[in-house]
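Colleague: Here it is, the structure in full.
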Amino acid sequence: FAAIGAHAAALYPMMVTGAGINLGIFSAASLVAWIIATIAIIATLRAPVASLVVVILPFTAVIVGVSLLFSDQRLLSNLPAGLALHIGLSLIAYSLFAIATLQAFYLLFAARRLKAHAPVLRFLPPLAVMEQLMFQLTGIAFVLLSLGLAIGMHYIEDVRAQHLAHKIFFSVLAWLAFALLLIGRYHWHWRGRRAVRFLVAGFGLLAVGFFGSKIVLELVLHSA
């Protein structure tokens, strides 16, 4: 909790400026890392996710360092409440998908250890618990992502001028991947590697849609 408090103290002046909210790629990455760390740490109070925090906190520390070293600005001023809600829901959904994806890798690792008749590491919870948590996180994130996309559609005016084509394309593909995963889980009881593949694919598409487009626009094309 001290770590996420210090992270918030460093993040606030970076994002909240007199000219508007800064959502440049480095500040946005730091915000996402903070949300992921906060959710994971709070979740440890009720769920066996301490093993996730072991990976999440060092990764978050690296992101904080990078965001402090490299200054970037992509200011959003006079942000409508609906658009702010779209951004907030999307970032929380992305963070939950990130935690679920990490849980999926843990699940795959534990399953391979069992197949090889090797002992599973003690800090990992049982496979059934990890799988249940992975799908719970995915379900919550999917609902938030769906709401975020639905709200965001009302603010699309010119796809080309707003540089939204790639975001929309990859976000829709990611949404379809997550939807198919949850339908497969409910109707056909998907689990194991198949579930992990769909989850990782969906998260990868979502990451490309959000951070991929920001990297191209802000670091490659230097678009305002």
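Chain identifiers are assigned as A, B, and so on, following the order in which chains appear in the structure tokens; residues are numbered from 1 within each chain, and ligands are numbered from 1 in order of appearance.
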Any idea what's packed within 7 Å of segment 169-182 of chain A, counting only C-alpha atoms, ignoring anything in its chain fewer than 6 positions away? Could you give it as a ChimeraX atom specification?
Modeller: /A:142,195,198-199,202-203,205-206,208-209
Colleague: Each residue of segment 144-188 of chain A with at least one atom at most 10 Å from segment 92-114 of chain A should appear once, together with its nearest atom pair and the corresponding distance in Å (one decimal); atoms considered: only C-alpha atoms; ordering: chain, then increasing residue number; output as CSV.
Modeller:
residue,atom,partner,partner_atom,distance
A:Leu144,CA,A:Ala93,CA,5.5
A:Leu145,CA,A:Ala93,CA,5.4
A:Ser146,CA,A:Ala93,CA,9.1
A:Leu147,CA,A:Ala93,CA,9.7
A:Gly148,CA,A:Ala93,CA,8.5
A:Phe178,CA,A:Phe97,CA,9.6
Colleague: How about saving the chosen residues, N, CA, C and O atoms kept, as a short mmCIF file (atom, residue, chain, number, x, y, z; two decimals), in the first residue's frame?
Modeller:
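Writing the result to selection-v9.cif gives the following:
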data_model
loop_
_atom_site.label_atom_id
_atom_site.label_comp_id
_atom_site.auth_asym_id
_atom_site.auth_seq_id
_atom_site.Cartn_x
_atom_site.Cartn_y
_atom_site.Cartn_z
N LEU A 144 -16.91 -4.40 -18.38
CA LEU A 144 -16.41 -3.03 -18.37
C LEU A 144 -15.95 -2.58 -19.75
O LEU A 144 -16.20 -1.44 -20.17
N LEU A 145 -15.28 -3.49 -20.48
CA LEU A 145 -14.84 -3.16 -21.83
C LEU A 145 -16.04 -2.90 -22.75
O LEU A 145 -16.03 -1.95 -23.55
N SER A 146 -17.06 -3.72 -22.63
CA SER A 146 -18.27 -3.55 -23.45
C SER A 146 -18.92 -2.20 -23.18
O SER A 146 -19.32 -1.48 -24.11
N LEU A 147 -19.02 -1.84 -21.90
CA LEU A 147 -19.60 -0.54 -21.54
C LEU A 147 -18.74 0.60 -22.07
O LEU A 147 -19.25 1.59 -22.60
N GLY A 148 -17.41 0.46 -21.91
CA GLY A 148 -16.51 1.49 -22.38
C GLY A 148 -16.59 1.70 -23.88
O GLY A 148 -16.62 2.84 -24.37
N PHE A 178 -12.64 -12.23 -26.54
CA PHE A 178 -13.09 -12.41 -25.16
C PHE A 178 -14.51 -12.97 -25.12
O PHE A 178 -14.82 -13.81 -24.27
#
Colleague: Atom CA of Leu57 of chain A to atom CA of His7 of chain A: how many Å, to one decimal?
Modeller: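 Value for the atom CA of Leu57 of chain A-atom CA of His7 of chain A distance: 10.9 Å.
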Colleague: Identify which of the residues A:Met134, A:Ala29, A:Leu83, A:Ala43 lies closest to Val62 of chain A, counting only C-alpha atoms when measuring atom-to-atom distances.
Modeller: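 Going through A:Met134, A:Ala29, A:Leu83, A:Ala43 one by one, the smallest distance to Val62 of chain A is for A:Ala29.
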Colleague: When you look at Leu75 of chain A with a cut-off of 9 Å (counting only C-alpha atoms), what residues show up, excluding the ones that are within fewer than 5 positions of it in the same chain? I need them as a compact mmCIF listing (two decimals) with all heavy atoms, in the first residue's frame.
Modeller:
# COMPACT_ATOMS: atom_id res chain seq x y z
N MET A 15 0.16 13.66 -14.65
CA MET A 15 -1.06 13.54 -15.45
C MET A 15 -1.96 14.76 -15.36
O MET A 15 -2.56 15.18 -16.36
CB MET A 15 -1.84 12.30 -15.03
CG MET A 15 -1.15 10.99 -15.32
SD MET A 15 -2.32 9.62 -15.34
CE MET A 15 -3.33 10.08 -16.74
N THR A 17 -2.46 18.42 -15.22
CA THR A 17 -1.77 19.69 -15.48
C THR A 17 -2.78 20.81 -15.62
O THR A 17 -3.99 20.57 -15.77
CB THR A 17 -0.94 19.59 -16.78
OG1 THR A 17 -1.83 19.52 -17.91
CG2 THR A 17 -0.05 18.35 -16.77
N ALA A 19 -3.19 22.62 -18.12
CA ALA A 19 -3.72 22.65 -19.49
C ALA A 19 -4.64 21.48 -19.80
O ALA A 19 -5.22 21.41 -20.88
CB ALA A 19 -2.57 22.68 -20.50
N GLY A 20 -4.76 20.52 -18.89
CA GLY A 20 -5.62 19.37 -19.11
C GLY A 20 -5.01 18.08 -18.56
O GLY A 20 -3.99 18.11 -17.86
N ILE A 21 -5.62 16.97 -18.89
CA ILE A 21 -5.16 15.65 -18.46
C ILE A 21 -4.15 15.12 -19.48
O ILE A 21 -4.43 15.06 -20.67
CB ILE A 21 -6.32 14.66 -18.32
CG1 ILE A 21 -7.37 15.20 -17.34
CG2 ILE A 21 -5.82 13.30 -17.86
CD1 ILE A 21 -6.85 15.37 -15.93
N ASN A 22 -2.98 14.73 -18.98
CA ASN A 22 -1.93 14.21 -19.86
C ASN A 22 -2.05 12.69 -19.97
O ASN A 22 -1.87 11.98 -19.00
CB ASN A 22 -0.56 14.59 -19.30
CG ASN A 22 0.59 14.00 -20.12
OD1 ASN A 22 0.41 13.70 -21.31
ND2 ASN A 22 1.74 13.83 -19.51
N LEU A 23 -2.37 12.23 -21.19
CA LEU A 23 -2.45 10.78 -21.44
C LEU A 23 -1.45 10.38 -22.51
O LEU A 23 -1.76 9.61 -23.41
CB LEU A 23 -3.87 10.38 -21.87
CG LEU A 23 -4.85 10.04 -20.75
CD1 LEU A 23 -6.19 9.62 -21.32
CD2 LEU A 23 -4.31 8.96 -19.82
N GLY A 24 -0.23 10.91 -22.39
CA GLY A 24 0.85 10.47 -23.27
C GLY A 24 1.19 9.02 -22.98
O GLY A 24 0.76 8.45 -21.96
N ALA A 224 0.10 15.07 -32.72
CA ALA A 224 -0.43 15.73 -31.52
C ALA A 224 -1.77 15.12 -31.13
O ALA A 224 -2.47 14.60 -31.97
CB ALA A 224 -0.62 17.21 -31.79
Colleague: If you run DSSP on the backbone here, which positions in segment 39-170 of chain A get alpha helix (DSSP H)? Please write them as a PyMOL selection string.
Modeller: chain A and resi 39-43+50-69+81-115+127-153+165-170
Colleague: In Å, with one decimal, what is the gap from atom CA of Ile183 of chain A to atom CA of Leu164 of chain A?
Modeller: 27.9 Å
Colleague: Near segment 155-160 of chain A, within 12 Å and counting only C-alpha atoms, which residues show up once chain neighbours fewer than 4 positions away are dropped, as a PyMOL selection string?
Modeller: chain A and resi 79-87+148-151+164-169
Colleague: Could you write those residues out with N, CA, C and O atoms, as a PDB file, in the first residue's frame?
Modeller:
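Heads up, here's the output in part_39.pdb:
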ATOM      1  N   LEU A  79     -12.566  17.784 -21.148  1.00  0.00           N
ATOM      2  CA  LEU A  79     -12.980  16.403 -21.404  1.00  0.00           C
ATOM      3  C   LEU A  79     -14.430  16.202 -20.969  1.00  0.00           C
ATOM      4  O   LEU A  79     -14.761  16.398 -19.801  1.00  0.00           O
ATOM      5  N   PRO A  80     -15.328  15.802 -21.895  1.00  0.00           N
ATOM      6  CA  PRO A  80     -16.725  15.530 -21.506  1.00  0.00           C
ATOM      7  C   PRO A  80     -16.791  14.380 -20.502  1.00  0.00           C
ATOM      8  O   PRO A  80     -15.948  13.478 -20.505  1.00  0.00           O
ATOM      9  N   ALA A  81     -17.800  14.410 -19.660  1.00  0.00           N
ATOM     10  CA  ALA A  81     -17.940  13.385 -18.620  1.00  0.00           C
ATOM     11  C   ALA A  81     -18.072  11.997 -19.231  1.00  0.00           C
ATOM     12  O   ALA A  81     -17.496  11.023 -18.714  1.00  0.00           O
ATOM     13  N   GLY A  82     -18.812  11.889 -20.339  1.00  0.00           N
ATOM     14  CA  GLY A  82     -18.983  10.587 -20.981  1.00  0.00           C
ATOM     15  C   GLY A  82     -17.692  10.037 -21.522  1.00  0.00           C
ATOM     16  O   GLY A  82     -17.410   8.837 -21.405  1.00  0.00           O
ATOM     17  N   LEU A  83     -16.872  10.898 -22.110  1.00  0.00           N
ATOM     18  CA  LEU A  83     -15.591  10.459 -22.650  1.00  0.00           C
ATOM     19  C   LEU A  83     -14.634  10.069 -21.528  1.00  0.00           C
ATOM     20  O   LEU A  83     -13.870   9.106 -21.652  1.00  0.00           O
ATOM     21  N   ALA A  84     -14.675  10.815 -20.435  1.00  0.00           N
ATOM     22  CA  ALA A  84     -13.850  10.467 -19.271  1.00  0.00           C
ATOM     23  C   ALA A  84     -14.261   9.101 -18.721  1.00  0.00           C
ATOM     24  O   ALA A  84     -13.406   8.293 -18.330  1.00  0.00           O
ATOM     25  N   LEU A  85     -15.566   8.832 -18.713  1.00  0.00           N
ATOM     26  CA  LEU A  85     -16.051   7.526 -18.254  1.00  0.00           C
ATOM     27  C   LEU A  85     -15.586   6.420 -19.188  1.00  0.00           C
ATOM     28  O   LEU A  85     -15.194   5.335 -18.730  1.00  0.00           O
ATOM     29  N   HIS A  86     -15.630   6.686 -20.502  1.00  0.00           N
ATOM     30  CA  HIS A  86     -15.143   5.715 -21.496  1.00  0.00           C
ATOM     31  C   HIS A  86     -13.679   5.381 -21.243  1.00  0.00           C
ATOM     32  O   HIS A  86     -13.296   4.197 -21.236  1.00  0.00           O
ATOM     33  N   ILE A  87     -12.868   6.396 -21.024  1.00  0.00           N
ATOM     34  CA  ILE A  87     -11.431   6.184 -20.790  1.00  0.00           C
ATOM     35  C   ILE A  87     -11.218   5.407 -19.494  1.00  0.00           C
ATOM     36  O   ILE A  87     -10.431   4.455 -19.439  1.00  0.00           O
ATOM     37  N   GLY A 148     -17.412   0.455 -21.912  1.00  0.00           N
ATOM     38  CA  GLY A 148     -16.507   1.491 -22.379  1.00  0.00           C
ATOM     39  C   GLY A 148     -16.594   1.705 -23.882  1.00  0.00           C
ATOM     40  O   GLY A 148     -16.621   2.841 -24.370  1.00  0.00           O
ATOM     41  N   LEU A 149     -16.647   0.613 -24.637  1.00  0.00           N
ATOM     42  CA  LEU A 149     -16.747   0.721 -26.099  1.00  0.00           C
ATOM     43  C   LEU A 149     -18.085   1.322 -26.516  1.00  0.00           C
ATOM     44  O   LEU A 149     -18.147   2.138 -27.441  1.00  0.00           O
ATOM     45  N   ALA A 150     -19.155   0.916 -25.836  1.00  0.00           N
ATOM     46  CA  ALA A 150     -20.484   1.447 -26.170  1.00  0.00           C
ATOM     47  C   ALA A 150     -20.542   2.954 -25.925  1.00  0.00           C
ATOM     48  O   ALA A 150     -21.086   3.714 -26.749  1.00  0.00           O
ATOM     49  N   ILE A 151     -19.980   3.398 -24.809  1.00  0.00           N
ATOM     50  CA  ILE A 151     -19.970   4.834 -24.502  1.00  0.00           C
ATOM     51  C   ILE A 151     -19.081   5.584 -25.493  1.00  0.00           C
ATOM     52  O   ILE A 151     -19.429   6.663 -25.985  1.00  0.00           O
ATOM     53  N   LEU A 164      -8.587   6.877 -35.065  1.00  0.00           N
ATOM     54  CA  LEU A 164      -9.254   5.817 -34.309  1.00  0.00           C
ATOM     55  C   LEU A 164      -9.380   4.496 -35.064  1.00  0.00           C
ATOM     56  O   LEU A 164      -9.825   3.509 -34.484  1.00  0.00           O
ATOM     57  N   ALA A 165      -8.998   4.476 -36.342  1.00  0.00           N
ATOM     58  CA  ALA A 165      -9.232   3.274 -37.155  1.00  0.00           C
ATOM     59  C   ALA A 165      -8.572   2.041 -36.540  1.00  0.00           C
ATOM     60  O   ALA A 165      -9.208   0.989 -36.381  1.00  0.00           O
ATOM     61  N   HIS A 166      -7.285   2.160 -36.180  1.00  0.00           N
ATOM     62  CA  HIS A 166      -6.570   1.005 -35.626  1.00  0.00           C
ATOM     63  C   HIS A 166      -7.121   0.619 -34.251  1.00  0.00           C
ATOM     64  O   HIS A 166      -7.267  -0.569 -33.947  1.00  0.00           O
ATOM     65  N   LYS A 167      -7.438   1.619 -33.438  1.00  0.00           N
ATOM     66  CA  LYS A 167      -7.978   1.323 -32.114  1.00  0.00           C
ATOM     67  C   LYS A 167      -9.299   0.569 -32.223  1.00  0.00           C
ATOM     68  O   LYS A 167      -9.528  -0.421 -31.515  1.00  0.00           O
ATOM     69  N   ILE A 168     -10.167   1.051 -33.102  1.00  0.00           N
ATOM     70  CA  ILE A 168     -11.473   0.413 -33.268  1.00  0.00           C
ATOM     71  C   ILE A 168     -11.304  -1.013 -33.789  1.00  0.00           C
ATOM     72  O   ILE A 168     -11.927  -1.954 -33.289  1.00  0.00           O
ATOM     73  N   PHE A 169     -10.450  -1.168 -34.797  1.00  0.00           N
ATOM     74  CA  PHE A 169     -10.254  -2.483 -35.419  1.00  0.00           C
ATOM     75  C   PHE A 169      -9.761  -3.511 -34.404  1.00  0.00           C
ATOM     76  O   PHE A 169     -10.359  -4.586 -34.241  1.00  0.00           O
TER      77      PHE A 169
END
Colleague: Might you pull out every residue within 10 Å of Val55 of chain A, with only C-alpha atoms counted and same-chain residues fewer than 4 positions away left off, and present them as a list in words?
Modeller: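 Neighbouring residues, sequence-local ones excluded: Ala37, Ala50, Ser51, Phe59, Thr60 and Leu102 of chain A.
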Colleague: Next, the residues of the selection above should be written as an mmCIF file, in the first residue's frame with all heavy atoms.
Modeller:
data_model
loop_
_atom_site.group_PDB
_atom_site.id
_atom_site.type_symbol
_atom_site.label_atom_id
_atom_site.label_comp_id
_atom_site.auth_asym_id
_atom_site.auth_seq_id
_atom_site.Cartn_x
_atom_site.Cartn_y
_atom_site.Cartn_z
ATOM 1 N N ALA A 37 -1.556 -2.673 -10.204
ATOM 2 C CA ALA A 37 -0.966 -2.923 -8.885
ATOM 3 C C ALA A 37 -1.994 -2.718 -7.779
ATOM 4 O O ALA A 37 -2.071 -3.504 -6.822
ATOM 5 C CB ALA A 37 0.235 -2.012 -8.673
ATOM 6 N N ALA A 50 -1.471 -13.429 -4.110
ATOM 7 C CA ALA A 50 -0.178 -12.889 -3.681
ATOM 8 C C ALA A 50 0.929 -13.251 -4.659
ATOM 9 O O ALA A 50 1.877 -12.481 -4.860
ATOM 10 C CB ALA A 50 0.166 -13.404 -2.281
ATOM 11 N N SER A 51 0.812 -14.419 -5.308
ATOM 12 C CA SER A 51 1.824 -14.828 -6.280
ATOM 13 C C SER A 51 1.849 -13.895 -7.477
ATOM 14 O O SER A 51 2.894 -13.713 -8.101
ATOM 15 C CB SER A 51 1.540 -16.262 -6.750
ATOM 16 O OG SER A 51 0.225 -16.381 -7.268
ATOM 17 N N PHE A 59 7.458 -5.137 -11.987
ATOM 18 C CA PHE A 59 7.130 -4.615 -13.321
ATOM 19 C C PHE A 59 6.622 -3.175 -13.215
ATOM 20 O O PHE A 59 7.010 -2.302 -14.004
ATOM 21 C CB PHE A 59 6.074 -5.505 -13.971
ATOM 22 C CG PHE A 59 5.543 -4.970 -15.267
ATOM 23 C CD1 PHE A 59 6.280 -5.081 -16.432
ATOM 24 C CD2 PHE A 59 4.305 -4.339 -15.321
ATOM 25 C CE1 PHE A 59 5.797 -4.579 -17.634
ATOM 26 C CE2 PHE A 59 3.807 -3.841 -16.511
ATOM 27 C CZ PHE A 59 4.565 -3.960 -17.670
ATOM 28 N N THR A 60 5.769 -2.920 -12.225
ATOM 29 C CA THR A 60 5.243 -1.573 -12.022
ATOM 30 C C THR A 60 6.361 -0.599 -11.674
ATOM 31 O O THR A 60 6.370 0.545 -12.145
ATOM 32 C CB THR A 60 4.192 -1.577 -10.893
ATOM 33 O OG1 THR A 60 3.159 -2.499 -11.225
ATOM 34 C CG2 THR A 60 3.598 -0.201 -10.687
ATOM 35 N N LEU A 102 -1.931 -12.721 -16.779
ATOM 36 C CA LEU A 102 -0.836 -13.201 -15.933
ATOM 37 C C LEU A 102 -1.266 -14.451 -15.178
ATOM 38 O O LEU A 102 -0.493 -15.411 -15.060
ATOM 39 C CB LEU A 102 -0.417 -12.103 -14.950
ATOM 40 C CG LEU A 102 0.728 -12.441 -14.001
ATOM 41 C CD1 LEU A 102 1.986 -12.839 -14.764
ATOM 42 C CD2 LEU A 102 1.022 -11.257 -13.080
#
Colleague: From the DSSP assignment of the backbone, select every residue of chain A that is strand (DSSP E), and format the answer as a list in words.
Modeller: Val16, Thr17, Gly20, Ile21, Asn22, Leu75 and Leu76 of chain A
